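> work32.cif (mmCIF, C-alpha atoms and all ligand atoms) pasted underneath:
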```cif
data_model
loop_
_atom_site.label_atom_id
_atom_site.label_comp_id
_atom_site.auth_asym_id
_atom_site.auth_seq_id
_atom_site.Cartn_x
_atom_site.Cartn_y
_atom_site.Cartn_z
CA MET O 184 -59.04 -15.19 34.22
CA THR O 185 -55.55 -14.54 32.93
CA SER O 186 -52.75 -12.81 34.71
CA VAL O 187 -50.64 -12.20 31.60
CA GLY O 188 -49.18 -8.71 31.56
CA ARG O 189 -49.77 -8.04 35.23
CA SER O 190 -46.96 -8.04 37.73
CA ARG O 191 -47.15 -10.56 40.52
CA GLY O 192 -49.42 -9.53 43.32
CA GLU O 193 -50.99 -6.65 41.43
CA GLU O 194 -54.45 -8.05 41.79
CA TRP O 195 -55.49 -9.12 45.24
CA GLY O 196 -58.38 -8.81 47.59
CA CYS O 197 -60.70 -10.79 45.31
CA GLY O 198 -63.49 -12.65 46.97
CA CYS O 199 -62.91 -16.39 47.33
CA GLY O 200 -66.15 -17.17 49.07
CA PRO O 201 -67.83 -15.62 52.06
CA ASP O 202 -65.40 -14.12 54.57
CA CYS O 203 -62.40 -14.79 52.34
CA PHE O 204 -60.09 -12.67 50.22
CA THR O 205 -57.02 -13.43 48.14
CA LEU O 206 -53.60 -12.09 49.05
CA ASP O 207 -52.13 -12.32 45.55
CA GLU O 208 -52.66 -14.17 42.30
CA ASP O 209 -51.14 -17.41 43.60
CA GLY O 210 -54.16 -18.55 45.53
CA PHE O 211 -52.94 -17.54 48.98
CA THR O 212 -55.89 -16.37 51.01
CA CYS O 213 -57.05 -14.87 54.26
CA ARG O 214 -60.18 -16.63 55.47
CA ARG O 215 -62.36 -16.30 58.53
CA VAL O 216 -62.19 -19.62 60.38
CA LEU O 217 -64.14 -18.86 63.57
CA ASP O 218 -66.80 -16.34 64.58
CA ALA O 219 -66.34 -16.19 68.36
CA PRO O 220 -63.64 -15.35 68.98
CA GLU O 221 -63.27 -13.89 65.50
CA VAL O 222 -60.29 -15.69 63.98
CA TRP O 223 -58.81 -15.30 60.50
CA ARG O 224 -56.31 -17.66 58.95
CA VAL O 225 -53.58 -16.12 56.80
CA GLU O 226 -51.98 -18.85 54.73
CA LEU O 227 -48.32 -18.15 53.92
CA LEU O 228 -45.68 -19.74 51.73
CA MET O 229 -43.44 -22.39 53.27
CA HIS O 230 -39.96 -23.23 52.02
CA ASP O 231 -37.65 -26.20 52.44
CA THR O 232 -39.98 -28.82 53.90
CA PHE O 233 -42.76 -31.03 52.62
CA LEU O 234 -45.33 -28.92 54.48
CA PRO O 235 -47.45 -27.00 51.96
CA SER O 236 -47.84 -23.75 53.90
CA VAL O 237 -47.67 -22.10 57.30
CA ASN O 238 -50.50 -20.31 59.08
CA ALA O 239 -50.60 -16.98 60.86
CA PHE O 240 -53.86 -16.45 62.77
CA VAL O 241 -55.41 -13.08 63.50
CA VAL O 242 -57.83 -12.74 66.43
CA LEU O 243 -59.93 -9.56 66.29
CA ASP O 244 -62.04 -7.97 69.00
CA GLY O 245 -62.89 -4.46 70.12
CA GLY O 246 -60.43 -2.80 67.75
CA GLU O 247 -57.57 -4.96 69.03
CA ALA O 248 -55.73 -7.70 67.20
CA LEU O 249 -53.74 -10.69 68.39
CA VAL O 250 -51.58 -12.30 65.71
CA VAL O 251 -50.49 -15.85 66.52
CA ASP O 252 -47.23 -16.74 64.76
CA ALA O 253 -45.55 -14.79 62.03
CA GLY O 254 -44.77 -16.98 59.05
CA THR O 255 -41.60 -17.59 57.09
CA PRO O 256 -39.54 -14.59 55.97
CA ASP O 257 -40.07 -14.14 52.25
CA PRO O 258 -40.68 -10.96 50.25
CA PHE O 259 -44.05 -12.32 49.12
CA ASN O 260 -45.03 -13.41 52.62
CA ASP O 261 -44.18 -9.92 53.97
CA THR O 262 -46.65 -8.47 51.51
CA ARG O 263 -49.26 -11.15 52.08
CA LEU O 264 -49.36 -10.82 55.84
CA MET O 265 -49.41 -7.03 55.66
CA ARG O 266 -52.18 -7.09 53.04
CA ALA O 267 -54.25 -9.34 55.26
CA LEU O 268 -53.80 -6.95 58.19
CA VAL O 269 -54.66 -3.89 56.05
CA ARG O 270 -57.76 -5.53 54.68
CA LEU O 271 -58.83 -6.61 58.19
CA GLU O 272 -58.39 -2.96 59.25
CA VAL O 273 -55.94 -3.96 61.95
CA ASP O 274 -54.30 -1.05 63.79
CA PRO O 275 -50.66 -2.12 64.29
CA GLU O 276 -50.47 0.06 67.39
CA ARG O 277 -53.23 -2.04 68.96
CA THR O 278 -51.78 -5.37 67.82
CA THR O 279 -49.89 -8.03 69.75
CA LEU O 280 -47.85 -10.71 68.00
CA PHE O 281 -47.43 -13.94 69.98
CA CYS O 282 -44.95 -16.55 68.70
CA THR O 283 -45.58 -20.12 69.87
CA HIS O 284 -41.99 -21.16 69.27
CA ALA O 285 -38.70 -19.95 67.86
CA HIS O 286 -38.75 -21.76 64.49
CA VAL O 287 -38.30 -19.48 61.53
CA ASP O 288 -41.67 -20.40 60.00
CA HIS O 289 -43.38 -19.00 63.12
CA THR O 290 -41.16 -15.97 63.80
CA GLY O 291 -40.07 -14.93 60.30
CA LEU O 292 -42.17 -11.79 59.91
CA ALA O 293 -41.85 -10.58 63.51
CA ARG O 294 -39.56 -7.79 62.41
CA GLU O 295 -42.12 -6.43 59.94
CA LEU O 296 -44.86 -6.47 62.55
CA SER O 297 -42.62 -4.95 65.19
CA GLU O 298 -41.49 -2.16 62.87
CA ALA O 299 -45.12 -1.48 61.96
CA GLY O 300 -45.84 -0.81 65.63
CA ALA O 301 -47.04 -4.17 66.96
CA ARG O 302 -46.02 -5.42 70.40
CA VAL O 303 -44.07 -8.69 70.07
CA VAL O 304 -44.50 -11.21 72.89
CA ILE O 305 -42.84 -14.59 73.41
CA PRO O 306 -42.89 -17.04 76.31
CA GLU O 307 -39.76 -17.09 78.51
CA GLY O 308 -39.12 -20.64 77.33
CA VAL O 309 -39.09 -19.51 73.71
CA LEU O 310 -36.51 -16.87 74.59
CA ALA O 311 -34.44 -19.64 76.20
CA ASP O 312 -34.77 -21.66 72.97
CA MET O 313 -33.67 -18.65 70.93
CA ARG O 314 -30.58 -18.27 73.13
CA ARG O 315 -29.82 -21.96 72.89
CA MET O 316 -30.76 -22.82 69.30
CA GLY O 317 -30.69 -19.55 67.41
CA VAL O 318 -26.91 -19.27 67.79
CA PRO O 319 -23.97 -20.80 65.84
CA SER O 320 -22.76 -22.82 68.84
CA TRP O 321 -25.93 -24.95 68.57
CA ARG O 322 -24.76 -25.99 65.11
CA ASP O 323 -21.49 -27.26 66.60
CA ALA O 324 -23.35 -29.04 69.39
CA MET O 325 -25.53 -30.81 66.79
CA VAL O 326 -22.45 -31.88 64.81
CA SER O 327 -20.76 -33.39 67.87
CA ARG O 328 -23.96 -35.14 68.95
CA MET O 329 -24.42 -36.70 65.50
CA ARG O 330 -20.73 -37.69 65.41
CA ALA O 331 -21.22 -39.40 68.79
CA GLU O 332 -24.17 -41.30 67.27
CA GLY O 333 -21.95 -42.63 64.47
CA VAL O 334 -22.80 -40.15 61.69
CA GLY O 335 -19.77 -39.47 59.45
CA ALA O 336 -18.01 -36.11 59.77
CA ALA O 337 -19.10 -34.74 56.39
CA GLU O 338 -22.73 -35.79 56.78
CA ALA O 339 -22.97 -34.52 60.37
CA ALA O 340 -21.78 -31.11 59.18
CA GLU O 341 -24.14 -31.19 56.19
CA LEU O 342 -27.18 -32.05 58.31
CA ALA O 343 -26.36 -29.48 60.98
CA ASP O 344 -25.88 -26.78 58.34
CA VAL O 345 -29.25 -27.49 56.77
CA ILE O 346 -31.11 -26.93 60.03
CA TRP O 347 -29.28 -24.86 62.65
CA ASP O 348 -30.45 -21.44 61.50
CA HIS O 349 -34.12 -22.47 61.54
CA ALA O 350 -34.64 -20.66 64.81
CA ILE O 351 -34.61 -16.85 64.90
CA ASN O 352 -33.01 -15.17 67.89
CA PHE O 353 -34.84 -11.87 68.51
CA GLU O 354 -32.02 -10.60 70.73
CA THR O 355 -29.26 -10.93 68.13
CA GLU O 356 -31.68 -9.83 65.39
CA LYS O 357 -32.50 -6.75 67.50
CA ILE O 358 -36.26 -7.27 67.28
CA ALA O 359 -38.00 -5.58 70.22
CA PHE O 360 -40.01 -8.03 72.34
CA SER O 361 -41.23 -8.79 75.83
CA THR O 362 -41.76 -12.14 77.53
CA VAL O 363 -44.72 -13.86 79.18
CA ARG O 364 -44.86 -16.85 81.52
CA PRO O 365 -47.06 -19.93 81.67
CA GLY O 366 -50.37 -18.89 83.21
CA ASP O 367 -50.14 -15.30 81.94
CA VAL O 368 -53.16 -14.12 79.96
CA LEU O 369 -52.95 -12.16 76.71
CA ARG O 370 -55.93 -9.86 76.17
CA CYS O 371 -57.61 -9.16 72.87
CA GLY O 372 -60.78 -7.15 73.37
CA ARG O 373 -63.08 -9.16 75.59
CA TRP O 374 -61.07 -12.38 75.16
CA GLY O 375 -58.31 -13.60 77.45
CA LEU O 376 -55.91 -16.22 76.11
CA GLU O 377 -53.85 -18.17 78.59
CA VAL O 378 -50.22 -19.08 77.88
CA VAL O 379 -49.88 -22.87 78.31
CA PRO O 380 -46.56 -24.74 77.99
CA ALA O 381 -46.49 -27.40 75.25
CA PRO O 382 -42.85 -28.57 75.10
CA GLY O 383 -41.67 -31.37 72.83
CA HIS O 384 -41.41 -29.97 69.31
CA THR O 385 -39.13 -27.40 70.96
CA PRO O 386 -38.33 -27.18 74.69
CA GLY O 387 -40.01 -23.81 75.20
CA GLN O 388 -43.05 -23.97 72.93
CA CYS O 389 -46.28 -22.57 74.42
CA VAL O 390 -49.83 -22.57 73.09
CA LEU O 391 -52.70 -20.16 73.73
CA TRP O 392 -55.95 -21.30 75.32
CA GLU O 393 -59.30 -19.51 75.48
CA PRO O 394 -61.32 -21.55 78.00
CA SER O 395 -64.84 -20.15 77.52
CA THR O 396 -64.96 -21.23 73.84
CA ARG O 397 -62.41 -24.05 74.25
CA THR O 398 -60.28 -22.51 71.51
CA ALA O 399 -56.57 -23.30 71.26
CA PHE O 400 -53.73 -21.98 69.12
CA LEU O 401 -51.38 -24.93 69.07
CA GLY O 402 -48.33 -23.91 67.01
CA ASP O 403 -46.59 -27.16 66.08
CA ALA O 404 -47.59 -29.05 69.27
CA VAL O 405 -49.81 -31.32 67.20
CA LEU O 406 -50.72 -31.29 63.51
CA PHE O 407 -53.33 -33.14 61.51
CA LEU O 408 -51.16 -33.11 58.35
CA CYS O 409 -48.38 -35.24 59.78
CA SER O 410 -46.63 -36.12 63.02
CA THR O 411 -44.84 -33.01 64.26
CA CYS O 412 -41.04 -33.33 64.16
CA ILE O 413 -39.31 -34.12 67.46
CA GLY O 414 -35.53 -33.69 67.25
CA PHE O 415 -32.92 -34.42 69.90
CA TRP O 416 -31.97 -31.83 72.54
CA ASP O 417 -29.05 -32.58 74.86
CA ALA O 418 -28.14 -36.21 75.47
CA ASP O 419 -29.56 -36.26 79.02
CA GLU O 420 -32.92 -34.85 77.91
CA ASP O 421 -36.04 -36.66 76.69
CA PRO O 422 -37.93 -34.68 74.03
CA ILE O 423 -40.06 -37.69 73.03
CA GLY O 424 -41.15 -38.29 76.63
CA THR O 425 -41.82 -34.55 76.94
CA GLN O 426 -43.90 -34.56 73.76
CA LEU O 427 -45.90 -37.58 74.92
CA ALA O 428 -46.79 -35.71 78.12
CA THR O 429 -47.80 -32.64 76.10
CA LEU O 430 -49.97 -34.72 73.75
CA ARG O 431 -51.68 -36.42 76.70
CA SER O 432 -52.40 -33.15 78.43
CA LEU O 433 -53.75 -31.62 75.21
CA ALA O 434 -55.91 -34.71 74.72
CA GLU O 435 -57.43 -34.16 78.17
CA ARG O 436 -57.96 -30.43 77.81
CA GLY O 437 -61.12 -30.71 75.77
CA VAL O 438 -60.07 -28.48 72.86
CA GLU O 439 -62.98 -27.78 70.57
CA HIS O 440 -61.51 -25.30 68.07
CA ALA O 441 -57.85 -25.90 67.26
CA PHE O 442 -55.65 -23.71 65.08
CA MET O 443 -52.33 -25.27 64.16
CA GLY O 444 -49.19 -23.90 62.54
CA HIS O 445 -49.76 -25.98 59.42
CA GLY O 446 -53.00 -27.20 57.89
CA LEU O 447 -56.34 -27.17 59.65
CA GLN O 448 -58.19 -29.19 62.27
CA GLU O 449 -59.65 -32.38 60.83
CA GLY O 450 -61.74 -33.98 63.52
CA SER O 451 -61.19 -34.45 67.23
CA VAL O 452 -58.05 -32.95 68.77
CA SER O 453 -57.99 -35.45 71.60
CA GLU O 454 -58.23 -38.39 69.18
CA ARG O 455 -55.46 -36.91 67.07
CA CYS O 456 -53.24 -36.49 70.15
CA GLU O 457 -53.90 -40.07 71.32
CA LYS O 458 -53.11 -41.36 67.83
CA ASN O 459 -49.87 -39.40 67.73
CA VAL O 460 -48.89 -40.80 71.16
CA GLY O 461 -49.38 -44.31 69.74
CA HIS O 462 -47.32 -43.42 66.68
CA HIS O 463 -44.32 -42.31 68.79
CA GLU O 464 -44.65 -45.27 71.16
CA ARG O 465 -44.60 -47.73 68.26
CA ARG O 466 -41.45 -46.10 66.90
CA SER O 467 -39.68 -46.35 70.28
CA ALA O 468 -40.80 -49.98 70.57
CA ARG O 469 -39.26 -50.76 67.17
CA ALA O 470 -35.98 -49.16 68.25
CA LEU O 471 -36.01 -51.22 71.46
CA ALA O 472 -36.70 -54.43 69.54
CA ALA O 473 -33.80 -53.69 67.16
CA ILE O 474 -31.44 -53.05 70.10
CA ARG O 475 -32.48 -56.33 71.72
CA GLU O 476 -32.04 -58.20 68.45
CA THR O 477 -28.58 -56.77 67.68
CA PRO O 478 -27.02 -55.18 70.77
CA GLY O 479 -24.17 -52.74 70.29
CA GLN O 480 -25.35 -50.80 67.23
CA SER O 481 -24.75 -47.07 66.97
CA GLY O 482 -27.59 -44.58 66.74
CA PHE O 483 -26.93 -44.05 63.04
CA GLU O 484 -26.99 -47.81 62.41
CA LEU O 485 -30.34 -48.03 64.19
CA VAL O 486 -32.09 -45.36 62.09
CA PRO O 487 -33.40 -47.75 59.38
CA ALA O 488 -34.76 -50.15 62.03
CA MET O 489 -37.26 -47.60 63.35
CA GLY O 490 -39.85 -48.10 60.64
CA TRP O 491 -39.54 -44.81 58.74
CA HIS O 492 -41.10 -44.58 55.33
CA ALA O 493 -37.80 -43.46 53.86
CA PRO O 494 -35.58 -44.37 50.91
CA PHE O 495 -32.74 -46.00 52.82
CA ASP O 496 -31.57 -47.68 49.58
CA HIS O 497 -30.93 -44.21 48.17
CA TRP O 498 -29.78 -42.50 51.36
CA GLY O 499 -27.14 -40.37 49.62
CA GLU O 500 -29.67 -38.97 47.16
CA THR O 501 -32.21 -38.16 49.86
CA PRO O 502 -32.43 -34.41 50.53
CA ALA O 503 -30.38 -33.30 53.51
CA MET O 504 -33.45 -31.85 55.25
CA THR O 505 -35.22 -35.23 55.08
CA ARG O 506 -32.10 -37.02 56.37
CA TRP O 507 -31.91 -34.49 59.20
CA PHE O 508 -35.49 -35.20 60.30
CA LEU O 509 -34.88 -38.96 60.20
CA VAL O 510 -31.57 -38.84 62.09
CA SER O 511 -32.61 -36.29 64.70
CA GLU O 512 -35.93 -37.92 65.55
CA SER O 513 -34.27 -41.37 65.69
CA ILE O 514 -31.72 -40.02 68.17
CA ALA O 515 -34.59 -38.52 70.19
CA HIS O 516 -36.18 -41.99 70.41
CA LEU O 517 -32.88 -43.45 71.65
CA ASP O 518 -32.69 -40.68 74.27
CA HIS O 519 -36.24 -41.63 75.30
CA LEU O 520 -35.27 -45.29 75.71
CA VAL O 521 -32.24 -44.29 77.79
CA ALA O 522 -34.31 -41.85 79.90
CA THR O 523 -36.95 -44.48 80.61
CA GLY O 524 -34.30 -47.05 81.55
CA ALA O 525 -35.12 -49.46 78.74
CA VAL O 526 -31.65 -49.32 77.18
CA ARG O 527 -28.20 -48.13 78.13
CA ARG O 528 -25.64 -46.25 76.12
CA GLU O 529 -21.93 -47.08 76.16
CA LYS O 530 -19.16 -45.30 74.30
CA ASP O 531 -16.80 -47.44 72.20
CA ASP O 532 -13.11 -46.57 71.92
CA ARG O 533 -13.87 -44.20 69.03
CA GLY O 534 -16.27 -42.23 71.23
CA VAL O 535 -19.36 -43.54 69.41
CA SER O 536 -22.38 -44.48 71.54
CA ARG O 537 -23.46 -48.12 71.38
CA TYR O 538 -26.93 -49.17 72.51
CA LEU O 539 -27.54 -52.20 74.71
CA PRO O 540 -30.61 -53.61 76.42
CA ALA O 541 -30.78 -52.48 80.05
ZN ZN W 601 -41.81 -25.74 64.41
ZN ZN W 602 -43.93 -24.95 61.85
#
```
Any chance you could give the structure as structure tokens?


Amino acid sequence: MTSVGRSRGEEWGCGCGPDCFTLDEDGFTCRRVLDAPEVWRVELLMHDTFLPSVNAFVVLDGGEALVVDAGTPDPFNDTRLMRALVRLEVDPERTTLFCTHAHVDHTGLARELSEAGARVVIPEGVLADMRRMGVPSWRDAMVSRMRAEGVGAAEAAELADVIWDHAINFETEKIAFSTVRPGDVLRCGRWGLEVVPAPGHTPGQCVLWEPSTRTAFLGDAVLFLCSTCIGFWDADEDPIGTQLATLRSLAERGVEHAFMGHGLQEGSVSERCEKNVGHHERRSARALAAIRETPGQSGFELVPAMGWHAPFDHWGETPAMTRWFLVSESIAHLDHLVATGAVRREKDDRGVSRYLPA
């Protein structure tokens, strides 16, 4: 089939198998991924990172809809998500959007849904993240933290600029919303989905849990595609330790059907969580070994010692986003070692932190 002569997106809604329809000519689809509860996966375009796409999930029951996460803002994504909702005969007035966390690839189309009449709901912790991270002062805080870890002034500014606006703040964006707390239950027809904290990837991230079918909507708490990114928070916090606790509690929960922000479930959720715990623990152990071998290095000097598959020989040519992920997760591991008492941090006379065995 050729698309020559047709404008982009003109032909959509084609069948792509049972319980599947296309959202445009690019191969983006909406596909039914579970029967009870009835769940549809809307696959949306992702920018900037190595992840191929981002998911929005639509739960349908009794004429009501619950949309979990709202994709990246993009003119094509706006159309794609709306087309999926039209085709699924979703009534926006009877729709709730729940965002697992504040990142732009999970909140990007909240405005469109809100303006169409949907109720937008976020956990209180996600609102706190929006107030903390979805503001310009967070960019300055990231710059000073990276400077204190020995990153040069120009690179610290470059890395902060590439990432700081990746959280959307609904308050400053004037998107109407209400908040829910851990333990609250969101209703969709006969289903009740419990709000469960899953901090680590962001401080306030929450997942949704339907106990009778053991179905979970996990945001970026754990992915099968890759290890989810854990960046530093404030210097006295321990996002890696927090993420390890989240992974362990998810491993114990007995999730049967998992729907993640990116990609799909491939096997056992508890095994995946345990594996990801091991992955982070090995990385922290490498950092600790490097500090014991050469005490007094800065955080930035320790980055290559942590066993990343990264082109450290061509650091300057590595995309800023990749360098950001490497630097921020490395700093998070150092914060974890400090928080667990394995190493101590001392400032040198230039104000740069040096790491020493405890
Ligand atoms: Zn995220
Ligand atoms: Zn994401």

> Between O:Leu271, O:Ile474, O:Leu369, O:Ala324, which has the minimum distance to Gly246 (chain O) (counting only C-alpha atoms)?

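Residue with the minimum atom-to-atom distance to Gly246 (chain O): O:Leu271.
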
> Please tabulate, as JSON lines, the residues of chain O that come within 12 Å of ligand ZN 602 (chain W), each with its closest pair of atoms and the distance in Å to one decimal, counting all atoms listed in the file and ordering rows by chain, then residue number upward.


```
{"residue": "O:Leu227", "atom": "CA", "partner": "W:ZN602", "partner_atom": "ZN", "distance": 11.3}
{"residue": "O:Leu228", "atom": "CA", "partner": "W:ZN602", "partner_atom": "ZN", "distance": 11.5}
{"residue": "O:Met229", "atom": "CA", "partner": "W:ZN602", "partner_atom": "ZN", "distance": 9.0}
{"residue": "O:His230", "atom": "CA", "partner": "W:ZN602", "partner_atom": "ZN", "distance": 10.7}
{"residue": "O:Asp231", "atom": "CA", "partner": "W:ZN602", "partner_atom": "ZN", "distance": 11.4}
{"residue": "O:Thr232", "atom": "CA", "partner": "W:ZN602", "partner_atom": "ZN", "distance": 9.7}
{"residue": "O:Phe233", "atom": "CA", "partner": "W:ZN602", "partner_atom": "ZN", "distance": 11.1}
{"residue": "O:Leu234", "atom": "CA", "partner": "W:ZN602", "partner_atom": "ZN", "distance": 8.5}
{"residue": "O:Pro235", "atom": "CA", "partner": "W:ZN602", "partner_atom": "ZN", "distance": 10.7}
{"residue": "O:Ser236", "atom": "CA", "partner": "W:ZN602", "partner_atom": "ZN", "distance": 8.9}
{"residue": "O:Val237", "atom": "CA", "partner": "W:ZN602", "partner_atom": "ZN", "distance": 6.5}
{"residue": "O:Asn238", "atom": "CA", "partner": "W:ZN602", "partner_atom": "ZN", "distance": 8.5}
{"residue": "O:Ala239", "atom": "CA", "partner": "W:ZN602", "partner_atom": "ZN", "distance": 10.4}
{"residue": "O:Asp252", "atom": "CA", "partner": "W:ZN602", "partner_atom": "ZN", "distance": 9.3}
{"residue": "O:Ala253", "atom": "CA", "partner": "W:ZN602", "partner_atom": "ZN", "distance": 10.3}
{"residue": "O:Gly254", "atom": "CA", "partner": "W:ZN602", "partner_atom": "ZN", "distance": 8.5}
{"residue": "O:Thr255", "atom": "CA", "partner": "W:ZN602", "partner_atom": "ZN", "distance": 9.1}
{"residue": "O:Cys282", "atom": "CA", "partner": "W:ZN602", "partner_atom": "ZN", "distance": 10.9}
{"residue": "O:Thr283", "atom": "CA", "partner": "W:ZN602", "partner_atom": "ZN", "distance": 9.5}
{"residue": "O:His284", "atom": "CA", "partner": "W:ZN602", "partner_atom": "ZN", "distance": 8.6}
{"residue": "O:Ala285", "atom": "CA", "partner": "W:ZN602", "partner_atom": "ZN", "distance": 9.4}
{"residue": "O:His286", "atom": "CA", "partner": "W:ZN602", "partner_atom": "ZN", "distance": 6.6}
{"residue": "O:Val287", "atom": "CA", "partner": "W:ZN602", "partner_atom": "ZN", "distance": 7.9}
{"residue": "O:Asp288", "atom": "CA", "partner": "W:ZN602", "partner_atom": "ZN", "distance": 5.4}
{"residue": "O:His289", "atom": "CA", "partner": "W:ZN602", "partner_atom": "ZN", "distance": 6.1}
{"residue": "O:Thr290", "atom": "CA", "partner": "W:ZN602", "partner_atom": "ZN", "distance": 9.6}
{"residue": "O:Gly291", "atom": "CA", "partner": "W:ZN602", "partner_atom": "ZN", "distance": 10.8}
{"residue": "O:His349", "atom": "CA", "partner": "W:ZN602", "partner_atom": "ZN", "distance": 10.1}
{"residue": "O:Ala350", "atom": "CA", "partner": "W:ZN602", "partner_atom": "ZN", "distance": 10.7}
{"residue": "O:His384", "atom": "CA", "partner": "W:ZN602", "partner_atom": "ZN", "distance": 9.3}
{"residue": "O:Thr385", "atom": "CA", "partner": "W:ZN602", "partner_atom": "ZN", "distance": 10.6}
{"residue": "O:Gln388", "atom": "CA", "partner": "W:ZN602", "partner_atom": "ZN", "distance": 11.2}
{"residue": "O:Leu401", "atom": "CA", "partner": "W:ZN602", "partner_atom": "ZN", "distance": 10.4}
{"residue": "O:Gly402", "atom": "CA", "partner": "W:ZN602", "partner_atom": "ZN", "distance": 6.9}
{"residue": "O:Asp403", "atom": "CA", "partner": "W:ZN602", "partner_atom": "ZN", "distance": 5.5}
{"residue": "O:Ala404", "atom": "CA", "partner": "W:ZN602", "partner_atom": "ZN", "distance": 9.2}
{"residue": "O:Val405", "atom": "CA", "partner": "W:ZN602", "partner_atom": "ZN", "distance": 10.2}
{"residue": "O:Leu406", "atom": "CA", "partner": "W:ZN602", "partner_atom": "ZN", "distance": 9.4}
{"residue": "O:Leu408", "atom": "CA", "partner": "W:ZN602", "partner_atom": "ZN", "distance": 11.5}
{"residue": "O:Cys409", "atom": "CA", "partner": "W:ZN602", "partner_atom": "ZN", "distance": 11.4}
{"residue": "O:Ser410", "atom": "CA", "partner": "W:ZN602", "partner_atom": "ZN", "distance": 11.6}
{"residue": "O:Thr411", "atom": "CA", "partner": "W:ZN602", "partner_atom": "ZN", "distance": 8.5}
{"residue": "O:Cys412", "atom": "CA", "partner": "W:ZN602", "partner_atom": "ZN", "distance": 9.2}
{"residue": "O:Ile413", "atom": "CA", "partner": "W:ZN602", "partner_atom": "ZN", "distance": 11.7}
{"residue": "O:Met443", "atom": "CA", "partner": "W:ZN602", "partner_atom": "ZN", "distance": 8.7}
{"residue": "O:Gly444", "atom": "CA", "partner": "W:ZN602", "partner_atom": "ZN", "distance": 5.4}
{"residue": "O:His445", "atom": "CA", "partner": "W:ZN602", "partner_atom": "ZN", "distance": 6.4}
{"residue": "O:Gly446", "atom": "CA", "partner": "W:ZN602", "partner_atom": "ZN", "distance": 10.1}
```

> What is the distance between CA of Arg215 (chain O) and CA of Val309 (chain O), in Å to one decimal?

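Answer for the CA of Arg215 (chain O) to CA of Val309 (chain O) separation: 28.0 Å.
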
> So what do you get for CA of Arg465 (chain O) versus atom ZN of ligand ZN 601 (chain W), distance-wise?

22.5 Å

> For Val363 (chain O), please output as a list in words all residues within 8 Å (counting all atoms listed in the file; exclusion window: fewer than 2 positions along the same chain).

Val304, Ile305, Pro306, Glu307, Ser361, Pro365, Asp367 and Val378 of chain O

> Nearest to ligand ZN 601 (chain W) among O:Ile351, O:Val535, O:Ala219, O:Val510, with distances taken over all atoms listed in the file: which residue is it?

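Comparing O:Ile351, O:Val535, O:Ala219, O:Val510 against ligand ZN 601 (chain W), the winner is O:Ile351.
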
> Find the distance between CA of Arg455 (chain O) and CA of Pro382 (chain O) and write it in Å to one decimal.

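Those two atoms sit 17.1 Å apart.
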
> I'd like to know which of O:Leu391, O:Leu430, O:Ala267, O:Ala381 is closest to ligand ZN 601 (chain W), using all atoms listed in the file.

O:Ala381

> Neighbouring residues of Val486 (chain O) were defined as those with any atom within 10 Å, considering only C-alpha atoms; residues of the same chain fewer than 2 positions away were excluded. Please report them as a ChimeraX atom specification.

/O:470,473,481-484,488-491,495,509-514,516-517

> Saving region 400-419 of chain O with C-alpha atoms, as a PDB file, in the first residue's frame, what would that file be?


```
ATOM      1  CA  PHE O 400       0.026   0.300  35.947  1.00  0.00           C
ATOM      2  CA  LEU O 401       3.648   0.941  36.789  1.00  0.00           C
ATOM      3  CA  GLY O 402       4.664   4.168  35.022  1.00  0.00           C
ATOM      4  CA  ASP O 403       8.468   4.156  34.992  1.00  0.00           C
ATOM      5  CA  ALA O 404       8.872   2.278  38.307  1.00  0.00           C
ATOM      6  CA  VAL O 405      10.280  -0.702  36.427  1.00  0.00           C
ATOM      7  CA  LEU O 406      10.699  -1.369  32.704  1.00  0.00           C
ATOM      8  CA  PHE O 407      11.551  -4.476  30.754  1.00  0.00           C
ATOM      9  CA  LEU O 408      13.276  -2.475  27.985  1.00  0.00           C
ATOM     10  CA  CYS O 409      16.040  -1.097  30.173  1.00  0.00           C
ATOM     11  CA  SER O 410      16.834  -0.093  33.735  1.00  0.00           C
ATOM     12  CA  THR O 411      14.711   2.930  34.592  1.00  0.00           C
ATOM     13  CA  CYS O 412      16.759   6.113  35.086  1.00  0.00           C
ATOM     14  CA  ILE O 413      17.458   7.144  38.689  1.00  0.00           C
ATOM     15  CA  GLY O 414      18.882  10.673  38.928  1.00  0.00           C
ATOM     16  CA  PHE O 415      20.091  12.522  42.010  1.00  0.00           C
ATOM     17  CA  TRP O 416      17.690  14.517  44.213  1.00  0.00           C
ATOM     18  CA  ASP O 417      19.124  16.646  47.022  1.00  0.00           C
ATOM     19  CA  ALA O 418      22.512  15.672  48.435  1.00  0.00           C
ATOM     20  CA  ASP O 419      21.059  14.294  51.690  1.00  0.00           C
TER      21      ASP O 419
END
```
